[in-house]
Amino acid sequence: MRIGIIGGGAVGLLTAAYFSNHYDVTVYTRRQEQAEQLCTHGLTVICGDERTTHRVHAEPFVRETNVDVLFIAVKQYDLTNILKTNMHMLRADAVMFLQNGMGHVSHLPHMPHHHIALAVVEHGALKIDDTTVSHTGVGKTKWSVWRGKKETFSFLYTTDARFPFQYVSDWETMLIEKLMVNVAINPLTALLQVPNGMLVTHAPYRQAMEQLFHEVASIFQIEQRERIWQHIETVCQQTAANRSSMLRDIEAGRMTELDAILGYVIERANERCVPAPISAFLYALMKGKQLEGETER
C-alpha cells in the first residue's frame, strides 16, 4: 500500500515514521530542502532513550499525489489554502485529516473522494529539525469515517503499538471534544507562557481554564462536562512539562491556529446568539500577542 502524508511538521513526521515500518510512505513537504534531507538522511524518531531511523520517500507538494491513502497533517491555515486552490492535487482513493479545530469540516462536501476520515492525534510530538521528531508522549489517534467505508482504513491497526488507532462512531462529538482540549490549553498557555502542567497546579490558572471551559461547553451544549473536564486535567498532568503547539508558535514568531480553535468557537457562539465574553477577551489578547511577535520580527 502507498501512503502519502502532506505536511513535514511534528504530526506528519511522526505518522510517516510509524507507517514506514509496514508501508511505502511518501512525505509531501512545503520546502524542497526538507524533502532532500529526508531522502538523504531518513526520518529519525526519538522516544525516551531510543532513537530509530526510518526510510521514507519525500518530495515537495507541487504536483498531484499518487498514493492509495493520503493523510493531511498541516495546520488549519495551510489546509484551507490547499482545499481551496489545490484540491485537484489530492489524488488518492481515501483521505484522512489530522487537524486541530473544525474549520476543515465545511470543505468536506466539496471533496470528490469516496472515502474520507477525520482524526484527532493525542500523542505528544515535537519537531526537532527537518528529519527528526521527538515522540514526547505516547497516546492514541482517534478516528471516524465522515464518508465511505470503515473497512477502507483497516490498515490502521497494523502500526506500531506505540502509535495505536481507536475508532469512534460519532465524528462530530470526537472533534468537539478535541476542540475543547485545544481551547482550554492552547490559548492560555500561549498567553501566560507556561507549560501545560501549570494550568492545573496553579489555582488561579486552573480557575481561569475552568471558566473558559464552561463557557465553551455551553456554546456547544456539551452534556458530559465532568468527563471532558477530567480528561483535560489528565492531559495537562500527562503533558505537564510540554509547551503547547500554540505557545511554541508564539515563541518562534509563527502564525498560530488561534482562528481555527478559539475563532471557531466565537463564530459558533455568534451563530447561536450565545454570549462568549471570556472567549472573545482571550481571543483579543492572543491576537495582540501575535501582532507583538510580528512586530518584533
# chains A, B, ... in the order shown; residues from 1 in each chain; ligands from 1
$ residues_around --residues "Ala73 in chain A" --least-positions-apart "3" --cutoff "8 Å" --atoms "only C-alpha atoms" --output "list in words"
Ile5, Ile6, Gly7, Gly8, Gly9, Val11, Gly12, Phe97, Leu98 and Gln99 of chain A
$ select_by_dssp --residues "range 102-238 of chain A" --states "strand (DSSP E or B)" --output "list in words"
His115, Ile116, Ala117, Leu118, Ala119, Val120, Val121, Gly124, Ala125, Leu126, Lys127, Ile128, Asp129, Thr132, Val133, Ser134, His135, Thr136, Gly137, Thr141, Lys142, Trp143, Ser144, Val145, Trp146, Arg147, Phe165, Gln166 and Tyr167 of chain A
$ residues_around --residues "Pro164 in chain A" --least-positions-apart "4" --cutoff "9 Å" --atoms "only C-alpha atoms" --output "list in words"
Gly139, Lys140, Thr141, Lys142, Leu156, Tyr157, Thr158, Thr159 and Asp160 of chain A
$ write_last_selection --atoms "N, CA and C atoms" --output "compact mmCIF listing (two decimals), in the first residue's frame"
# COMPACT_ATOMS: atom_id res chain seq x y z
N GLY A 139 0.27 8.44 23.08
CA GLY A 139 -1.18 8.47 23.28
C GLY A 139 -1.87 7.57 22.29
N LYS A 140 -2.88 8.11 21.62
CA LYS A 140 -3.56 7.36 20.57
C LYS A 140 -4.16 8.34 19.57
N THR A 141 -4.51 7.83 18.42
CA THR A 141 -5.17 8.63 17.41
C THR A 141 -6.60 8.12 17.27
N LYS A 142 -7.56 8.95 17.61
CA LYS A 142 -8.97 8.60 17.43
C LYS A 142 -9.38 9.00 16.02
N LEU A 156 -5.01 0.67 9.46
CA LEU A 156 -4.54 1.48 10.59
C LEU A 156 -4.08 0.63 11.76
N TYR A 157 -4.61 -0.56 11.86
CA TYR A 157 -4.34 -1.38 13.03
C TYR A 157 -3.10 -2.26 12.89
N THR A 158 -2.31 -1.99 11.85
CA THR A 158 -1.06 -2.75 11.67
C THR A 158 0.15 -1.91 12.06
N THR A 159 -0.06 -0.74 12.64
CA THR A 159 1.07 0.11 13.02
C THR A 159 1.68 -0.34 14.34
N ASP A 160 2.76 0.32 14.71
CA ASP A 160 3.48 0.05 15.95
C ASP A 160 2.57 0.23 17.15
$ atom_distance --atom1 "CA of Gly263 in chain A" --atom2 "CA of Leu118 in chain A"
20.3 Å
$ select_by_dssp --residues "range 21-151 of chain A" --states "alpha helix (DSSP H)" --output "PyMOL selection string"
chain A and resi 32-41+76-85
$ closest_residue --among "A:Val74, A:Ile250, A:Val121, A:Leu212" --to "Ala280 in chain A" --atoms "only C-alpha atoms"
A:Leu212
$ residues_around --residues "Ala190 in chain A" --least-positions-apart "4" --cutoff "8 Å" --atoms "only C-alpha atoms" --output "VMD selection string"
chain A and resid 186 194 244 246 to 248 250 286
$ residues_around --residues "His88 in chain A" --least-positions-apart "2" --cutoff "10 Å" --atoms "only C-alpha atoms" --output "ChimeraX atom specification"
/A:63-65,82-86,90-91,111-112
$ closest_atom_pairs --of "range 125-218 of chain A" --to "range 50-62 of chain A" --cutoff "12 Å" --atoms "only C-alpha atoms" --output "Markdown table"
| residue | atom | partner | partner_atom | distance |
| --- | --- | --- | --- | --- |
| A:Asp130 | CA | A:Ala58 | CA | 11.4 |
| A:Thr131 | CA | A:Thr53 | CA | 9.3 |
| A:Thr132 | CA | A:Thr53 | CA | 8.8 |
| A:Val133 | CA | A:Arg51 | CA | 9.9 |
| A:Ser134 | CA | A:Arg51 | CA | 9.1 |
| A:His135 | CA | A:Arg51 | CA | 10.1 |
| A:Thr136 | CA | A:Glu50 | CA | 11.7 |
$ atom_distance --atom1 "CA of Ser169 in chain A" --atom2 "CA of Met102 in chain A"
17.0 Å
$ closest_residue --among "A:His114, A:Lys75, A:His22, A:Lys149" --to "Asp249 in chain A" --atoms "only C-alpha atoms"
A:Lys75
$ closest_residue --among "A:Asp170, A:Met198, A:Thr15, A:Ala184" --to "Ala125 in chain A" --atoms "only C-alpha atoms"
A:Thr15
$ closest_residue --among "A:Val183, A:Leu43, A:Ile3, A:Val235" --to "Val95 in chain A" --atoms "only C-alpha atoms"
A:Ile3
$ atom_distance --atom1 "CA of Asn270 in chain A" --atom2 "CA of Val216 in chain A"
12.2 Å
$ closest_residue --among "A:Val138, A:Ala240, A:Leu262, A:Leu13" --to "Asn196 in chain A" --atoms "only C-alpha atoms"
A:Ala240
